[in-house]
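Listing of my_file_16.csv; format and content: CSV, C-alpha atoms.
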```
chain,number,residue,atom,x,y,z
A,10,MET,CA,-14.5,-17.0,13.2
A,11,ASN,CA,-15.7,-13.4,13.6
A,12,GLY,CA,-14.8,-9.9,12.9
A,13,SER,CA,-14.2,-8.6,16.5
A,14,PHE,CA,-10.8,-7.8,17.9
A,15,SER,CA,-9.6,-7.3,21.4
A,16,GLN,CA,-7.7,-4.4,22.9
A,17,GLY,CA,-4.8,-6.8,23.4
A,18,PHE,CA,-4.7,-7.5,19.7
A,19,ARG,CA,-4.9,-3.8,18.8
A,20,ASP,CA,-1.9,-3.1,21.1
A,21,ASP,CA,0.0,-5.9,19.4
A,22,LEU,CA,-0.9,-4.7,15.9
A,23,ALA,CA,0.4,-1.2,16.8
A,24,ARG,CA,3.6,-2.9,18.1
A,25,LEU,CA,3.9,-4.9,14.9
A,26,MET,CA,3.7,-1.6,12.9
A,27,ARG,CA,6.3,-0.1,15.2
A,28,TRP,CA,8.7,-3.0,14.7
A,29,ARG,CA,8.2,-3.4,10.9
A,30,ARG,CA,11.3,-2.2,9.2
A,31,ASP,CA,12.8,-1.9,5.7
A,32,VAL,CA,15.5,-4.5,6.2
A,33,ARG,CA,18.8,-4.5,4.3
A,34,ARG,CA,20.9,-6.7,6.6
A,35,PHE,CA,20.0,-10.3,6.4
A,36,ARG,CA,21.4,-13.6,7.7
A,37,SER,CA,21.9,-15.9,4.8
A,38,ASP,CA,20.1,-18.9,6.1
A,39,ALA,CA,17.1,-20.2,4.2
A,40,VAL,CA,13.5,-19.3,4.8
A,41,GLU,CA,11.3,-22.4,5.1
A,42,ALA,CA,8.8,-22.8,2.3
A,43,ALA,CA,5.9,-23.1,4.8
A,44,VAL,CA,6.7,-19.8,6.5
A,45,LEU,CA,7.1,-17.9,3.2
A,46,ASP,CA,3.8,-19.4,1.9
A,47,ARG,CA,1.9,-18.3,5.0
A,48,CYS,CA,3.2,-14.7,4.4
A,49,LEU,CA,2.4,-14.8,0.7
A,50,SER,CA,-1.2,-15.8,1.5
A,51,ALA,CA,-1.6,-12.2,2.7
A,52,PHE,CA,-1.5,-11.1,-1.0
A,53,ARG,CA,-4.8,-13.0,-1.5
A,54,LEU,CA,-6.5,-11.0,1.2
A,55,ALA,CA,-5.5,-7.6,-0.1
A,56,PRO,CA,-8.0,-5.0,-1.3
A,57,SER,CA,-7.9,-4.4,-5.1
A,58,VAL,CA,-9.7,-2.0,-7.3
A,59,GLY,CA,-12.7,-3.7,-8.8
A,60,LEU,CA,-11.4,-7.0,-7.4
A,61,SER,CA,-8.9,-6.9,-10.3
A,62,GLU,CA,-6.2,-8.6,-8.1
A,63,PRO,CA,-3.5,-7.3,-10.6
A,64,TRP,CA,-0.5,-8.5,-8.5
A,65,ARG,CA,2.0,-10.7,-10.4
A,66,LEU,CA,5.1,-12.1,-8.6
A,67,ILE,CA,8.3,-13.4,-10.0
A,68,ARG,CA,10.5,-15.3,-7.6
A,69,VAL,CA,14.0,-14.5,-8.8
A,70,GLU,CA,16.3,-17.5,-8.1
A,71,SER,CA,18.7,-18.1,-11.0
A,72,PRO,CA,22.2,-16.6,-10.6
A,73,THR,CA,21.8,-15.0,-14.1
A,74,CYS,CA,18.7,-13.1,-13.1
A,75,ARG,CA,19.9,-12.2,-9.7
A,76,ASP,CA,23.2,-10.9,-11.1
A,77,ALA,CA,21.2,-8.8,-13.6
A,78,VAL,CA,19.1,-7.2,-10.9
A,79,ILE,CA,22.1,-6.6,-8.7
A,80,ALA,CA,23.9,-4.9,-11.6
A,81,ASN,CA,20.8,-2.8,-12.3
A,82,PHE,CA,20.8,-1.7,-8.6
A,83,ALA,CA,24.5,-0.9,-8.7
A,84,ALA,CA,24.1,1.3,-11.8
A,85,ALA,CA,21.0,3.1,-10.5
A,86,ASN,CA,22.6,3.6,-7.1
A,87,ALA,CA,25.8,5.1,-8.6
A,88,GLN,CA,23.7,7.5,-10.6
A,89,ALA,CA,21.8,8.4,-7.4
A,90,LEU,CA,25.0,9.0,-5.5
A,91,SER,CA,26.2,11.4,-8.2
A,92,SER,CA,23.2,13.6,-7.6
A,93,TYR,CA,24.4,14.4,-4.0
A,94,ALA,CA,27.3,16.6,-3.0
A,95,GLY,CA,29.4,17.2,0.1
A,96,ASP,CA,28.3,15.7,3.4
A,97,LYS,CA,25.1,14.3,1.9
A,98,ALA,CA,27.1,12.4,-0.7
A,99,ARG,CA,29.5,11.0,1.9
A,100,LEU,CA,26.5,9.9,4.0
A,101,TYR,CA,24.7,8.4,1.0
A,102,ALA,CA,27.8,6.5,0.0
A,103,GLY,CA,27.9,4.9,3.4
A,104,LEU,CA,24.3,3.7,3.5
A,105,LYS,CA,23.4,0.1,2.9
A,106,LEU,CA,20.4,0.4,0.6
A,107,SER,CA,19.9,-3.2,-0.4
A,108,GLY,CA,20.3,-6.7,1.0
A,109,MET,CA,20.2,-8.3,-2.4
A,110,ARG,CA,23.5,-10.2,-2.0
A,111,GLU,CA,22.5,-11.8,1.3
A,112,ALA,CA,18.7,-12.2,1.2
A,113,PRO,CA,17.7,-15.8,0.5
A,114,VAL,CA,14.4,-14.9,-1.1
A,115,HIS,CA,14.0,-12.3,-3.9
A,116,LEU,CA,10.5,-11.3,-5.2
A,117,ALA,CA,9.9,-9.0,-8.1
A,118,VAL,CA,6.4,-7.6,-7.9
A,119,PHE,CA,4.5,-6.3,-10.9
A,120,CYS,CA,1.1,-4.9,-11.8
A,121,ASP,CA,-0.8,-6.4,-14.8
A,122,ASP,CA,-2.6,-3.4,-16.1
A,123,ALA,CA,-4.0,-5.5,-18.9
A,124,THR,CA,-5.9,-7.9,-16.7
A,125,PRO,CA,-9.5,-8.4,-17.6
A,126,LYS,CA,-10.3,-9.3,-14.0
A,127,GLY,CA,-12.6,-6.7,-12.4
A,128,ALA,CA,-13.6,-5.4,-15.9
A,129,GLY,CA,-12.0,-2.1,-15.2
A,130,LEU,CA,-14.3,-1.2,-12.3
A,131,GLY,CA,-12.9,1.7,-10.3
A,132,ALA,CA,-9.9,2.3,-12.7
A,133,GLY,CA,-11.5,4.5,-15.3
A,134,THR,CA,-10.4,7.9,-14.1
A,135,MET,CA,-7.5,6.5,-12.1
A,136,PRO,CA,-5.8,3.6,-13.8
A,137,GLU,CA,-3.0,3.9,-11.2
A,138,ALA,CA,-5.5,2.4,-8.7
A,139,ARG,CA,-4.3,-1.0,-10.0
A,140,ALA,CA,-0.7,-0.3,-9.1
A,141,TYR,CA,-1.9,1.0,-5.7
A,142,SER,CA,-3.7,-2.3,-5.2
A,143,VAL,CA,-0.4,-4.1,-5.7
A,144,VAL,CA,1.2,-1.8,-3.1
A,145,GLY,CA,-1.5,-2.6,-0.6
A,146,ALA,CA,-0.9,-6.3,-1.1
A,147,ILE,CA,2.8,-5.9,-0.6
A,148,THR,CA,2.1,-3.9,2.6
A,149,LEU,CA,0.0,-6.8,4.0
A,150,PHE,CA,2.7,-9.3,3.1
A,151,TRP,CA,5.3,-7.1,4.9
A,152,LEU,CA,3.3,-7.1,8.1
A,153,ALA,CA,2.6,-10.9,7.9
A,154,ALA,CA,6.4,-11.4,7.4
A,155,ARG,CA,7.3,-9.3,10.3
A,156,ALA,CA,4.8,-11.1,12.5
A,157,GLU,CA,6.8,-14.3,11.7
A,158,GLY,CA,10.1,-12.5,12.5
A,159,LEU,CA,11.0,-12.2,8.8
A,160,GLY,CA,12.5,-9.1,7.4
A,161,VAL,CA,11.5,-7.4,4.1
A,162,GLY,CA,13.4,-4.8,2.2
A,163,TRP,CA,11.8,-2.9,-0.7
A,164,VAL,CA,14.3,-1.9,-3.3
A,165,SER,CA,13.2,1.0,-5.6
A,166,ILE,CA,16.7,2.0,-6.8
A,167,LEU,CA,16.3,0.2,-10.1
A,168,ASP,CA,15.7,1.0,-13.7
A,169,PRO,CA,12.2,-0.5,-14.2
A,170,VAL,CA,12.5,-0.8,-18.0
A,171,ARG,CA,15.8,-2.8,-17.7
A,172,LEU,CA,14.4,-4.9,-14.9
A,173,CYS,CA,11.3,-5.9,-17.0
A,174,ALA,CA,13.6,-6.8,-19.9
A,175,ASP,CA,16.1,-8.8,-17.8
A,176,LEU,CA,13.3,-10.8,-16.2
A,177,ASP,CA,11.4,-11.2,-19.5
A,178,VAL,CA,8.1,-10.2,-18.1
A,179,PRO,CA,5.0,-9.9,-20.4
A,180,ASP,CA,4.1,-6.6,-22.1
A,181,GLY,CA,1.7,-4.6,-20.1
A,182,TRP,CA,3.1,-5.4,-16.7
A,183,GLY,CA,4.4,-2.5,-14.7
A,184,PHE,CA,7.2,-3.0,-12.2
A,185,ILE,CA,6.1,-2.0,-8.6
A,186,GLY,CA,8.9,-3.1,-6.3
A,187,TYR,CA,11.7,-5.6,-5.7
A,188,LEU,CA,11.5,-7.3,-2.3
A,189,CYS,CA,14.4,-8.9,-0.5
A,190,VAL,CA,13.1,-11.4,2.2
A,191,GLY,CA,15.0,-13.2,4.9
A,192,TRP,CA,15.8,-13.4,8.6
A,193,PRO,CA,17.1,-10.0,9.8
A,194,GLU,CA,20.4,-9.7,11.5
A,195,ALA,CA,18.7,-7.7,14.2
A,196,ASP,CA,15.4,-6.2,15.1
A,197,HIS,CA,14.9,-2.5,15.4
A,198,ASP,CA,12.0,-0.2,16.3
A,199,THR,CA,13.5,2.8,14.5
A,200,PRO,CA,14.2,3.1,10.7
A,201,GLU,CA,17.7,2.4,9.5
A,202,LEU,CA,17.8,5.8,7.7
A,203,GLU,CA,17.1,7.5,11.0
A,204,ARG,CA,19.8,5.6,12.8
A,205,ALA,CA,22.2,6.4,10.0
A,206,GLY,CA,21.4,10.2,10.3
A,207,TRP,CA,19.8,10.5,6.8
A,208,GLU,CA,16.4,11.7,7.9
A,209,MET,CA,14.1,11.7,10.9
A,210,ARG,CA,10.5,10.6,11.2
A,211,ALA,CA,8.1,13.5,11.6
A,212,ARG,CA,6.4,14.0,14.9
A,213,ASP,CA,3.0,14.9,13.6
A,214,LEU,CA,0.7,13.7,10.9
A,215,TRP,CA,0.1,16.4,8.2
A,216,MET,CA,-3.6,17.1,8.1
A,217,GLU,CA,-5.7,20.1,7.2
A,218,ARG,CA,-9.5,20.6,7.1
A,219,ARG,CA,-11.6,21.9,4.3
B,13,MET,CA,8.3,-3.7,24.3
B,14,ASN,CA,9.9,-6.1,21.9
B,15,GLY,CA,9.6,-7.4,18.3
B,16,SER,CA,8.4,-10.9,18.9
B,17,PHE,CA,4.8,-12.1,18.1
B,18,SER,CA,2.9,-15.1,19.2
B,19,GLN,CA,1.1,-17.7,17.0
B,20,GLY,CA,-2.2,-16.4,18.5
B,21,PHE,CA,-1.4,-12.9,17.3
B,22,ARG,CA,-0.5,-14.2,13.8
B,23,ASP,CA,-3.8,-16.0,13.6
B,24,ASP,CA,-5.7,-12.9,14.6
B,25,LEU,CA,-3.7,-10.8,12.1
B,26,ALA,CA,-4.8,-13.2,9.3
B,27,ARG,CA,-8.4,-13.0,10.6
B,28,LEU,CA,-8.1,-9.2,10.5
B,29,MET,CA,-7.0,-9.3,6.9
B,30,ARG,CA,-9.8,-11.7,6.1
B,31,TRP,CA,-12.4,-9.3,7.7
B,32,ARG,CA,-11.0,-6.1,6.2
B,33,ARG,CA,-13.4,-4.9,3.6
B,34,ASP,CA,-13.9,-2.0,1.3
B,35,VAL,CA,-17.0,-0.6,3.0
B,36,ARG,CA,-19.7,1.4,1.2
B,37,ARG,CA,-22.6,0.9,3.7
B,38,PHE,CA,-22.1,3.0,6.8
B,39,ARG,CA,-24.3,3.9,9.8
B,40,SER,CA,-24.4,7.7,10.1
B,41,ASP,CA,-23.4,7.9,13.7
B,42,ALA,CA,-20.2,9.8,14.6
B,43,VAL,CA,-16.7,8.4,15.0
B,44,GLU,CA,-15.2,9.5,18.3
B,45,ALA,CA,-12.1,11.6,17.9
B,46,ALA,CA,-10.0,9.4,20.1
B,47,VAL,CA,-10.8,6.3,18.0
B,48,LEU,CA,-10.0,8.1,14.7
B,49,ASP,CA,-6.8,9.5,16.1
B,50,ARG,CA,-5.6,6.0,17.2
B,51,CYS,CA,-6.2,4.8,13.6
B,52,LEU,CA,-4.5,7.8,12.0
B,53,SER,CA,-1.4,7.2,14.1
B,54,ALA,CA,-0.8,4.1,11.8
B,55,PHE,CA,0.2,6.6,9.1
B,56,ARG,CA,3.2,7.7,11.2
B,57,LEU,CA,4.4,4.1,11.4
B,58,ALA,CA,4.2,3.4,7.7
B,59,PRO,CA,7.3,2.7,5.5
B,60,SER,CA,8.2,5.5,3.1
B,61,VAL,CA,10.8,5.8,0.4
B,62,GLY,CA,13.9,7.6,1.8
B,63,LEU,CA,11.8,8.4,5.0
B,64,SER,CA,10.1,11.0,2.8
B,65,GLU,CA,6.7,10.5,4.6
B,66,PRO,CA,5.0,12.3,1.7
B,67,TRP,CA,1.4,11.6,2.9
B,68,ARG,CA,-0.8,14.7,3.2
B,69,LEU,CA,-4.4,14.4,4.5
B,70,ILE,CA,-7.3,16.7,4.1
B,71,ARG,CA,-10.3,16.0,6.3
B,72,VAL,CA,-13.3,17.1,4.2
B,73,GLU,CA,-16.0,18.5,6.4
B,74,SER,CA,-17.7,21.5,4.8
B,75,PRO,CA,-20.9,20.8,2.9
B,76,THR,CA,-19.5,22.8,-0.1
B,77,CYS,CA,-16.5,20.5,-0.4
B,78,ARG,CA,-18.4,17.3,0.3
B,79,ASP,CA,-21.0,18.3,-2.3
B,80,ALA,CA,-18.2,19.0,-4.8
B,81,VAL,CA,-16.6,15.5,-4.2
B,82,ILE,CA,-20.0,13.8,-4.4
B,83,ALA,CA,-20.7,15.6,-7.7
B,84,ASN,CA,-17.3,14.6,-9.0
B,85,PHE,CA,-18.0,10.9,-8.1
B,86,ALA,CA,-21.5,11.1,-9.7
B,87,ALA,CA,-20.0,12.4,-13.0
B,88,ALA,CA,-17.1,9.8,-13.1
B,89,ASN,CA,-19.5,7.0,-12.2
B,90,ALA,CA,-21.9,7.9,-14.9
B,91,GLN,CA,-19.0,8.0,-17.4
B,92,ALA,CA,-17.9,4.6,-16.1
B,93,LEU,CA,-21.4,3.1,-16.5
B,94,SER,CA,-21.5,4.3,-20.1
B,95,SER,CA,-18.5,2.1,-20.8
B,96,TYR,CA,-20.4,-1.1,-20.0
B,97,ALA,CA,-23.2,-2.7,-22.1
B,98,GLY,CA,-25.9,-5.3,-21.5
B,99,ASP,CA,-25.8,-7.4,-18.4
B,100,LYS,CA,-22.6,-5.9,-17.2
B,101,ALA,CA,-24.1,-2.4,-17.4
B,102,ARG,CA,-27.2,-3.5,-15.5
B,103,LEU,CA,-25.0,-5.1,-12.9
B,104,TYR,CA,-22.8,-2.0,-12.6
B,105,ALA,CA,-25.8,0.3,-12.3
B,106,GLY,CA,-27.0,-1.7,-9.3
B,107,LEU,CA,-23.7,-1.6,-7.4
B,108,LYS,CA,-23.2,0.8,-4.5
B,109,LEU,CA,-19.7,2.1,-5.1
B,110,SER,CA,-19.4,4.8,-2.5
B,111,GLY,CA,-20.7,5.5,1.0
B,112,MET,CA,-19.9,9.3,0.7
B,113,ARG,CA,-23.4,10.4,1.6
B,114,GLU,CA,-23.5,8.4,4.9
B,115,ALA,CA,-19.9,8.2,6.1
B,116,PRO,CA,-19.3,10.6,8.9
B,117,VAL,CA,-15.6,11.0,8.2
B,118,HIS,CA,-14.1,11.9,4.8
B,119,LEU,CA,-10.3,11.9,4.2
B,120,ALA,CA,-8.8,12.9,0.9
B,121,VAL,CA,-5.2,11.6,0.7
B,122,PHE,CA,-2.4,13.1,-1.4
B,123,CYS,CA,1.2,12.6,-2.1
B,124,ASP,CA,3.5,15.6,-1.9
B,125,ASP,CA,6.0,14.9,-4.6
B,126,ALA,CA,7.8,18.1,-3.9
B,127,THR,CA,8.7,17.3,-0.3
B,128,PRO,CA,12.4,17.9,0.5
B,129,LYS,CA,12.1,15.2,3.2
B,130,GLY,CA,14.3,12.2,2.5
B,131,ALA,CA,16.3,14.2,-0.1
B,132,GLY,CA,15.0,12.1,-2.9
B,133,LEU,CA,16.6,8.9,-1.7
B,134,GLY,CA,15.1,5.9,-3.4
B,135,ALA,CA,13.0,7.9,-5.8
B,136,GLY,CA,15.4,8.7,-8.5
B,137,THR,CA,14.6,6.0,-11.0
B,138,MET,CA,11.1,5.4,-9.6
B,139,PRO,CA,9.5,8.7,-8.4
B,140,GLU,CA,6.2,6.8,-8.1
B,141,ALA,CA,7.7,5.2,-5.0
B,142,ARG,CA,6.5,8.3,-3.1
B,143,ALA,CA,2.9,7.6,-4.1
B,144,TYR,CA,3.4,4.0,-3.2
B,145,SER,CA,4.5,5.1,0.3
B,146,VAL,CA,1.2,6.9,0.7
B,147,VAL,CA,-0.7,3.8,-0.4
B,148,GLY,CA,1.2,1.7,2.2
B,149,ALA,CA,0.3,4.2,4.9
B,150,ILE,CA,-3.4,4.0,3.9
B,151,THR,CA,-3.2,0.2,4.1
B,152,LEU,CA,-1.9,0.4,7.7
B,153,PHE,CA,-4.7,2.9,8.5
B,154,TRP,CA,-7.2,0.5,7.0
B,155,LEU,CA,-6.1,-2.4,9.2
B,156,ALA,CA,-6.0,-0.3,12.3
B,157,ALA,CA,-9.5,1.0,11.6
B,158,ARG,CA,-10.8,-2.5,11.0
B,159,ALA,CA,-9.3,-3.7,14.3
B,160,GLU,CA,-11.4,-1.0,16.0
B,161,GLY,CA,-14.5,-2.2,14.1
B,162,LEU,CA,-14.4,0.9,11.8
B,163,GLY,CA,-15.1,0.5,8.1
B,164,VAL,CA,-13.0,2.2,5.4
B,165,GLY,CA,-14.1,2.6,1.7
B,166,TRP,CA,-11.6,3.8,-0.8
B,167,VAL,CA,-13.2,5.7,-3.7
B,168,SER,CA,-11.1,6.0,-6.9
B,169,ILE,CA,-14.0,6.8,-9.2
B,170,LEU,CA,-13.1,10.5,-9.2
B,171,ASP,CA,-11.5,13.0,-11.6
B,172,PRO,CA,-8.3,13.7,-9.7
B,173,VAL,CA,-7.7,17.1,-11.4
B,174,ARG,CA,-11.1,18.3,-10.5
B,175,LEU,CA,-10.8,17.0,-7.0
B,176,CYS,CA,-7.5,18.8,-6.4
B,177,ALA,CA,-9.1,22.0,-7.7
B,178,ASP,CA,-12.2,21.7,-5.6
B,179,LEU,CA,-10.2,21.1,-2.5
B,180,ASP,CA,-7.7,23.8,-3.4
B,181,VAL,CA,-4.6,21.7,-2.7
B,182,PRO,CA,-1.1,22.9,-3.2
B,183,ASP,CA,0.6,22.5,-6.6
B,184,GLY,CA,2.8,19.4,-6.7
B,185,TRP,CA,0.4,17.2,-4.7
B,186,GLY,CA,-0.9,14.1,-6.4
B,187,PHE,CA,-4.3,12.7,-5.4
B,188,ILE,CA,-4.0,9.1,-4.2
B,189,GLY,CA,-7.4,8.2,-2.8
B,190,TYR,CA,-10.6,9.3,-1.1
B,191,LEU,CA,-11.4,7.5,2.1
B,192,CYS,CA,-14.9,7.2,3.6
B,193,VAL,CA,-14.7,6.2,7.2
B,194,GLY,CA,-17.4,5.2,9.7
B,195,TRP,CA,-19.1,2.3,11.5
B,196,PRO,CA,-20.2,-0.3,8.9
B,197,GLU,CA,-23.8,-1.5,8.7
B,198,ALA,CA,-22.6,-5.0,8.8
B,199,ASP,CA,-19.3,-7.1,8.9
B,200,HIS,CA,-18.5,-9.4,6.1
B,201,ASP,CA,-15.6,-11.8,5.4
B,202,THR,CA,-16.2,-11.6,1.6
B,203,PRO,CA,-15.8,-8.6,-0.7
B,204,GLU,CA,-19.0,-6.8,-1.6
B,205,LEU,CA,-18.2,-7.1,-5.3
B,206,GLU,CA,-18.1,-10.9,-4.9
B,207,ARG,CA,-21.4,-10.9,-3.1
B,208,ALA,CA,-22.9,-8.8,-5.8
B,209,GLY,CA,-21.7,-11.1,-8.6
B,210,TRP,CA,-19.3,-8.7,-10.2
B,211,GLU,CA,-16.0,-10.6,-9.8
B,212,MET,CA,-14.6,-13.5,-7.7
B,213,ARG,CA,-11.4,-13.6,-5.8
B,214,ALA,CA,-8.7,-15.8,-7.4
B,215,ARG,CA,-7.9,-19.1,-5.7
B,216,ASP,CA,-4.2,-18.9,-6.2
B,217,LEU,CA,-1.5,-16.4,-6.1
B,218,TRP,CA,0.1,-15.7,-9.5
B,219,MET,CA,3.8,-16.5,-9.2
B,220,GLU,CA,6.5,-17.7,-11.6
B,221,ARG,CA,10.2,-18.4,-11.2
B,222,ARG,CA,13.1,-17.0,-13.1
```

Now that the file is in, can you turn its structure into structure tokens?
Amino acid sequence: MNGSFSQGFRDDLARLMRWRRDVRRFRSDAVEAAVLDRCLSAFRLAPSVGLSEPWRLIRVESPTCRDAVIANFAAANAQALSSYAGDKARLYAGLKLSGMREAPVHLAVFCDDATPKGAGLGAGTMPEARAYSVVGAITLFWLAARAEGLGVGWVSILDPVRLCADLDVPDGWGFIGYLCVGWPEADHDTPELERAGWEMRARDLWMERR
Amino acid sequence: MNGSFSQGFRDDLARLMRWRRDVRRFRSDAVEAAVLDRCLSAFRLAPSVGLSEPWRLIRVESPTCRDAVIANFAAANAQALSSYAGDKARLYAGLKLSGMREAPVHLAVFCDDATPKGAGLGAGTMPEARAYSVVGAITLFWLAARAEGLGVGWVSILDPVRLCADLDVPDGWGFIGYLCVGWPEADHDTPELERAGWEMRARDLWMERR
């Protein structure tokens, strides 16, 4: 066990990042518990401000809760659609922006801003660093899932206040993202929004010097 | 080029996550441009809400700007220290929380919340999803760097308003994090805060069902 990595591994890591997608089209077959557990173990290896490890996961399984989240998405998505006009509205209306109905695994991810863990280190001037820690953990999970062939779709078209109420989460938790997890219908090395004509990836990284 | 990955790759990916550290102890020798560029290319593969790709990087090189950021950190860190008492204060005072003076590469990372890219898709109810996209990109960069043997340290003990002013960034940019990058003095598979006795990693992932 050591911290050195080969060129072959680096090439595969870049390939993993290239094939990681935000997936909205899932097969409905189950994800074995052992596979999901392996992916979830990535959370425990994530960086967190002050070692606060503020990630809190709720696995949403009951029809009542799933229906509430799906209705939340439907309302937020209808509101979003109404903000576009003309061709953009038509294009938006045709996009599939969530695989909630098909994905076998639903994970709602929160940040516990009241955690005593880490004693606030690193979060004095930037309390949002706790939420950022949760996002980093989700990102590691996303890569681990893709390496198993699993797709992850991050849904942000949700009213976070309503979601926290519907899932009855403790006060002081902030909603970070809702993850749909399952076997993708197909693998792609380009984003679905690019294939659908919504937006293109930039060619260059934006960087200036000071 | 395909999207399948071997068990050997998955094992190495888990090992990479285990050896990724928040590094504050750097050797001062330079990082070759080609190595840094390879790591930075991970940004371009990151997920972003609506394909907005809102990450903006400033490479901080001038002594004037570096001194301003180091002074910013010193002030925020002194303020943080004053919030602890007794043993915790003594322990905090002994921690090394930034490698800014030694790290050859400094990257200030921002989120452009005013970008037209992506046309706002996915960020209606949760505009913070743009900042989260930037965090995801930093996380991919962090892994790519570690796979090259490079250390990354994320500094959040900074006044973001002062930092944006000192680096003269455009209105509408939000500061996400300040990254110190360089060759680490040593590799470790445990967090420095754990080795220093500040906090321990949790054994289990926090998860409930609904």

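A straight line drawn from atom CA of B:Trp185 to atom CA of B:Val164 is 22.5 Å long.
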
Could the residues of chain B that have an atom at most 6 Å from chain A be listed as a tab-separated table, each with its closest atom pair and the distance in Å to one decimal, counting only C-alpha atoms and ordered by chain and ascending residue number?
```
residue	atom	partner	partner_atom	distance
B:Gly15	CA	A:Trp28	CA	5.8
B:Phe17	CA	A:Ala156	CA	5.7
B:Met29	CA	A:Leu54	CA	6.0
B:Arg30	CA	A:Leu54	CA	5.9
B:Trp31	CA	A:Gly12	CA	5.8
B:Leu57	CA	A:Met26	CA	5.9
B:Arg68	CA	A:Trp215	CA	5.4
B:Leu69	CA	A:Met216	CA	4.6
B:Ile70	CA	A:Glu217	CA	4.9
B:Arg71	CA	A:Arg218	CA	4.7
B:Val72	CA	A:Arg219	CA	5.1
B:Glu73	CA	A:Arg219	CA	5.9
B:Gly130	CA	A:Glu208	CA	5.8
B:Gly134	CA	A:Ile166	CA	5.4
B:Thr137	CA	A:Asp168	CA	5.8
B:Gly148	CA	A:Thr148	CA	5.7
B:Thr151	CA	A:Gly145	CA	5.7
B:Ala159	CA	A:Phe14	CA	5.7
B:Ser168	CA	A:Gly131	CA	5.8
B:Ile169	CA	A:Gly131	CA	5.3
B:Asp171	CA	A:Thr134	CA	5.8
B:Glu211	CA	A:Gly127	CA	5.8
B:Trp218	CA	A:Arg65	CA	5.4
B:Met219	CA	A:Leu66	CA	4.6
B:Glu220	CA	A:Ile67	CA	4.9
B:Arg221	CA	A:Arg68	CA	4.8
B:Arg222	CA	A:Val69	CA	5.1
```

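All residues of protein, DNA or RNA that reach within 10 Å of A:Asp180, judged by all atoms listed in the file and not counting those fewer than 3 positions away in the chain, are A:Asp121, A:Asp122, A:Ala123, A:Cys173, A:Ala174, A:Asp177, A:Gly183.
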
Would you mind telling me which residue in B:Gly184, B:Gly111, B:Gly194, B:Gly98 lies nearest to B:Arg37 when using only C-alpha atoms? B:Gly111

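One finds atom CA of B:Pro196 at 14.7 Å from atom CA of B:Val47.
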
How many Å lie between atom CA of A:Arg110 and atom CA of A:Ala94, rounded to one decimal?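 Straight-line distance from atom CA of A:Arg110 to atom CA of A:Ala94 works out to 27.1 Å.
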
Pick from A:Leu100, A:Phe150, A:Pro113, A:Phe35 nearest to A:Ala205, counting all atoms listed in the file: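 Nearest candidate to A:Ala205 out of A:Leu100, A:Phe150, A:Pro113, A:Phe35: A:Leu100.
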
Export stretch 141-152 of chain A from the structure block above, keeping N, CA and C atoms, as a PDB file, in the first residue's frame.
```
ATOM      1  N   TYR A 141     -19.214  22.869   0.832  1.00  0.00           N
ATOM      2  CA  TYR A 141     -18.267  22.490  -0.222  1.00  0.00           C
ATOM      3  C   TYR A 141     -17.650  21.124   0.074  1.00  0.00           C
ATOM      4  N   SER A 142     -17.443  20.820   1.357  1.00  0.00           N
ATOM      5  CA  SER A 142     -16.908  19.501   1.716  1.00  0.00           C
ATOM      6  C   SER A 142     -17.872  18.403   1.285  1.00  0.00           C
ATOM      7  N   VAL A 143     -19.142  18.648   1.461  1.00  0.00           N
ATOM      8  CA  VAL A 143     -20.146  17.658   1.060  1.00  0.00           C
ATOM      9  C   VAL A 143     -20.116  17.465  -0.460  1.00  0.00           C
ATOM     10  N   VAL A 144     -19.963  18.566  -1.191  1.00  0.00           N
ATOM     11  CA  VAL A 144     -19.899  18.470  -2.652  1.00  0.00           C
ATOM     12  C   VAL A 144     -18.677  17.667  -3.090  1.00  0.00           C
ATOM     13  N   GLY A 145     -17.556  17.877  -2.423  1.00  0.00           N
ATOM     14  CA  GLY A 145     -16.362  17.089  -2.753  1.00  0.00           C
ATOM     15  C   GLY A 145     -16.608  15.602  -2.536  1.00  0.00           C
ATOM     16  N   ALA A 146     -17.300  15.278  -1.454  1.00  0.00           N
ATOM     17  CA  ALA A 146     -17.596  13.868  -1.164  1.00  0.00           C
ATOM     18  C   ALA A 146     -18.523  13.280  -2.229  1.00  0.00           C
ATOM     19  N   ILE A 147     -19.514  14.052  -2.644  1.00  0.00           N
ATOM     20  CA  ILE A 147     -20.407  13.588  -3.720  1.00  0.00           C
ATOM     21  C   ILE A 147     -19.597  13.327  -4.987  1.00  0.00           C
ATOM     22  N   THR A 148     -18.628  14.197  -5.258  1.00  0.00           N
ATOM     23  CA  THR A 148     -17.818  14.058  -6.470  1.00  0.00           C
ATOM     24  C   THR A 148     -17.004  12.763  -6.437  1.00  0.00           C
ATOM     25  N   LEU A 149     -16.446  12.426  -5.282  1.00  0.00           N
ATOM     26  CA  LEU A 149     -15.704  11.159  -5.170  1.00  0.00           C
ATOM     27  C   LEU A 149     -16.652   9.973  -5.365  1.00  0.00           C
ATOM     28  N   PHE A 150     -17.825  10.055  -4.761  1.00  0.00           N
ATOM     29  CA  PHE A 150     -18.830   8.989  -4.929  1.00  0.00           C
ATOM     30  C   PHE A 150     -19.191   8.817  -6.405  1.00  0.00           C
ATOM     31  N   TRP A 151     -19.343   9.920  -7.082  1.00  0.00           N
ATOM     32  CA  TRP A 151     -19.723   9.923  -8.500  1.00  0.00           C
ATOM     33  C   TRP A 151     -18.686   9.162  -9.340  1.00  0.00           C
ATOM     34  N   LEU A 152     -17.404   9.446  -9.064  1.00  0.00           N
ATOM     35  CA  LEU A 152     -16.331   8.766  -9.797  1.00  0.00           C
ATOM     36  C   LEU A 152     -16.295   7.274  -9.450  1.00  0.00           C
TER      37      LEU A 152
END
```
